[in-house]
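J.: What follows is a single structure, and I will ask about it in a moment.
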Amino acid sequence: MQPAVPLVARVVDLVKNYYLEEVVVRALRGITIDFAVGDFVALMGPSGSGKSTLLNLLGCLDRPSSGQYFLGDQDVSTMDDDELSDIRSRYIGFIFQSYNLLAQYTVVENIEVPLLYQGCRLDERTRERCLSLAEMVGLGDRLDHRPMQLSGGQQQRVAIARALVNDPHVILADEPTGNLDSRTSDEIMQLLTQLNRAGKTIIMVTHENDIAAWARRIVRMRDGHVESDVRNDRSTDRPAPAAHAAGLTASANSLWGGDPYRQPLGNDRP
Amino acid sequence: MIPYLCLLLGFGLLWLVVPLAFSDKGRRSFVLALRSLWLHKLRSFLSVLGIIIGTGAVIILMGFGEGSMQDALEDIKRQGATNIMIRSVKASDESSTARQQRIAVYGLTWADYERMQTIPTVVRMVPMRILPLKVHHLERSVKGRVVATTADYAVVNKVQLAAGRFLSDEDDRYMANVAVLGAHVADRLFPFENALGKTVRLDKYFYLVVGVLADRMATSAVGGSSQTAEDFNDDVYIPMQTCRGRFGEKVVSRQSGSWNAEQVELSQVTLTITDMESVRPAGDVVKDLLERYHGTKADWAITIPLDRLEAAEREKERFVGLLFWIGFISLFVGGIGIMNIMLATVTERTREIGIRRALGAKRRDITMQFLIEAVVQTSLGGMVGLLVGMGVVFAGPWVSEHIFDMHRPAVLNVASIFYSVGVALLVGVAFGLYPAWRASRLDPIEALRHE
Ligand SMILES: Nc1ncnc2c1ncn2[C@@H]1O[C@H](COP(=O)(O)OP(=O)(O)OP(=O)(O)O)[C@@H](O)[C@H]1O
Ligand SMILES: [Mg+2]
């Protein structure tokens, strides 16, 4: 059965158990869910409902106890550690709550890291790509700064640029605005929205309704189950600063169009 | 063994370094290693101190071992490996009797000489008498050292002639009044003319100059005498029999206001032995003979250059043995230091490891990164040790010569450089492996959650 919209990720009956000394923590109890290409999904739910567990599984940082996970058309649930690392370096971009930049590296060097583990040679072109990404997130003048010298919002912008550098199929963000004030949060969400409009698939965990409202689809979880899954129509009419958005989308498209590093994952991508 | 070890290490390193140097990952890890080293200067220094000391010690020990070895070899080359030198020594208890008797009788005698002639492995024997005398020509005079000897002296000591000839057997037989001048004596007595065919006066007799020697290098002091280069070049050689006829066996000299007379038949006898294997047995026979006929009178000393060679070889062996243990201990101490610091680093950087894993680093990328860090530390430590060691090897001989007045030659041993730096690298790999492996085993999610 061919789905109407191409899927970037699809999990079937996904179960994740943590085996502690005497008890078994059933973090995910059989989740089946599809993520379409170009979607912007907010994962919500009370603490301990399994949002981060699901996101880590989607990010290939962990393997499920049972169930299947298709990224594109590859079954990721059976891959070994090295293959998963490879998948992470090529198809996935992470954005964390605590930014997680490498303190010893400058802004540009941080953005380059995923390319490094892809086995890319760092040359003029990759450098240029990193520079334009830094430019795009508004840090063109901070290239040689260390993370310690940047504000939280700026660090998260670097993290976003880093998540984009390998042109991932999906961006996974675990509470990307959790450490930021509301104004900075809005800036970051605007940036993510522009990226989504430019075609990026984003799956984001958040506790805040304000933040979730930016997404096109809101999935609520409870006790390892999907509780509700609704489309959020409000997101489309939210006004974006037009000039900025246009420029951003254009530059993002020019970056991704005809990119030599882009490697199609299956034939289900547009 | 050590050169092979070096070769092996070298290839191992090439195998490790070449692929890394050509990958950006490897280069990044290398740069990162240097950066974190710079960030924790003191900590890094302390953790590689064991390795600095170890490599330094290896370089220094090998340097001095090699130095004394080469020194000995050069001496032996000059003195001849198949030679045995026996010289007369004024025994200390003899000086008191000398004052009473006014004349000191000691040293080697012609009877000794004849007895030594019976040793079958002796090819050549050179008797010498040494008399400190002034050499005159017209109004000029030079304080020299008259050496009465035979034609064989030239062969045994490999003397080089600048002009004329050395003493011959005929000179000796006919007690000819001929002399051969050392380079300095000739220079000073005949500054603007050819010395050949001129005459020099020793004591009251005139001698015809038949030869002049080329400048001659000194050998280092042997057997309690204090010969230097000046001595050889101030020598005047006359035939042995001529000397016996003219001077007899007594030597009278004035020393600090009092007359001092000695009776020495032979100052030195040099024996040349057929081959190297026979040198030591012949030396034992000579010792036996002299001990029997001289009894408790310790008025002779024997020098066997070959002994020095063996002593030097033994010393070098001892150095190498010591070196092995020092290398071993420093390997352990240094290695434990490195392991300790690397384990701490891995714990400290758990979060970083999690981030890298999330961004696509494989386990072996993490292993490599921390291994490179360990190896960079130890090899930099090794290089610092190398510099310290080289400094000591170059400055040590000068310092001991000028400040402690001891002759301690040292030469930089090339093999020891490779050996010590190789060992330092090996320590980095060996002791960095476990922490690096631990780092790679961390669960990415746990690592990311680490504070
Ligand atoms: N490594 C682990 N070992 C044991 N139990 C775990 C582990 N990780 C998660 N859990 C458990 O799995 C459940 C889901 O955790 P998860 O981190 O996914 O929750 P969450 O929805 O992200 O919560 P929060 O909103 O607080 O981040 C929780 O009950 C948690 O205790
Ligand atoms: Mg969570």
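Going by the structure tokens order, chains are called A, B, ..., each with residues numbered from 1, while ligands are numbered from 1 in the order shown.
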Write out, as CSV, each residue of chain A that has an atom at most 7 Å from ligand 1, together with the closest pair of atoms and their distance in Å to one decimal, counting only C-alpha atoms and all ligand atoms, rows going by chain and rising number.
T.:
residue,atom,partner,partner_atom_place_in_ligand_line,distance
A:Tyr18,CA,ligand 1,4 (C),4.8
A:Tyr19,CA,ligand 1,4 (C),6.8
A:Leu20,CA,ligand 1,4 (C),6.3
A:Val25,CA,ligand 1,5 (N),5.7
A:Arg26,CA,ligand 1,12 (O),6.6
A:Ala27,CA,ligand 1,12 (O),4.1
A:Gly45,CA,ligand 1,21 (O),6.6
A:Pro46,CA,ligand 1,25 (O),5.9
A:Ser47,CA,ligand 1,25 (O),3.6
A:Gly48,CA,ligand 1,19 (O),3.5
A:Ser49,CA,ligand 1,21 (O),4.0
A:Gly50,CA,ligand 1,18 (O),3.1
A:Lys51,CA,ligand 1,21 (O),3.8
A:Ser52,CA,ligand 1,22 (O),3.7
A:Thr53,CA,ligand 1,18 (O),3.7
A:Leu54,CA,ligand 1,18 (O),6.5
A:His207,CA,ligand 1,25 (O),6.9
J.: When you get a sec, could you note down which chain A residues fall within 9 Å of chain B, using only C-alpha atoms, as a VMD selection string?
T.: chain A and resid 56 59 to 62 81 to 90 92 to 94 100 to 105 113 to 122 163
J.: In Å, how far is it from atom CA of A:Thr78 to atom CA of A:Arg63?
T.: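 Atom CA of A:Thr78 sits 8.0 Å away from atom CA of A:Arg63.
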J.: Would you please give, as a ChimeraX atom specification, all residues of stretch 94-332 of chain B that DSSP assigns to strand (DSSP E or B) based on the backbone?
T.: /B:103-105,108,122-137,140-149,161-164,178-181,199-202,205-213,235-239,250-255,258-263,266,268-273,300-303
J.: Please give the complete set of residues from stretch 67-197 of chain A that DSSP, run on the backbone, assigns to helix (DSSP H, G or I), formatted as a PyMOL selection string.
T.: chain A and resi 81-91+107-118+124-136+147-149+152-164+182-197
J.: Just to confirm, what's the straight-line distance from atom CA of A:Gln97 to atom CA of A:Gly72 in Å (one decimal)?
T.: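 Answer for the atom CA of A:Gln97 to atom CA of A:Gly72 separation: 26.1 Å.
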J.: With only C-alpha atoms as the counted atoms, please give the residues lying no more than 9 Å from B:Cys243, apart from itself and same-chain residues fewer than 2 positions off, as an MDAnalysis selection string.
T.: chainID B and resid 129 147:149 175 238:241 245:249
J.: Can those selected residues be exported to a file as a short mmCIF file (atom, residue, chain, number, x, y, z; two decimals), in the first residue's frame so that it contains C-alpha atoms?
T.:
data_model
loop_
_atom_site.label_atom_id
_atom_site.label_comp_id
_atom_site.auth_asym_id
_atom_site.auth_seq_id
_atom_site.Cartn_x
_atom_site.Cartn_y
_atom_site.Cartn_z
CA ARG B 129 114.81 5.13 28.36
CA VAL B 147 113.99 8.96 24.43
CA ALA B 148 116.56 6.30 23.87
CA THR B 149 115.06 3.48 21.86
CA MET B 175 126.33 3.41 18.87
CA ILE B 238 118.59 8.59 20.11
CA PRO B 239 119.78 4.96 19.71
CA MET B 240 119.50 2.84 22.85
CA GLN B 241 123.12 1.68 22.85
CA GLY B 245 127.33 4.36 26.50
CA ARG B 246 126.95 8.09 27.04
CA PHE B 247 124.70 8.36 30.05
CA GLY B 248 124.94 5.05 31.90
CA GLU B 249 121.97 4.12 34.03
#
J.: Expressed in Å to a single decimal, how great is the separation between atom CA of B:Met276 and atom CA of B:Ile130?
T.: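 The value is 28.1 Å.
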J.: Counting only C-alpha atoms, figure out which residue out of B:Val269, B:Val346, B:Leu213, B:Ala410 gets nearest to B:Lys158.
T.: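 Smallest separation from B:Lys158 among the options: B:Leu213.
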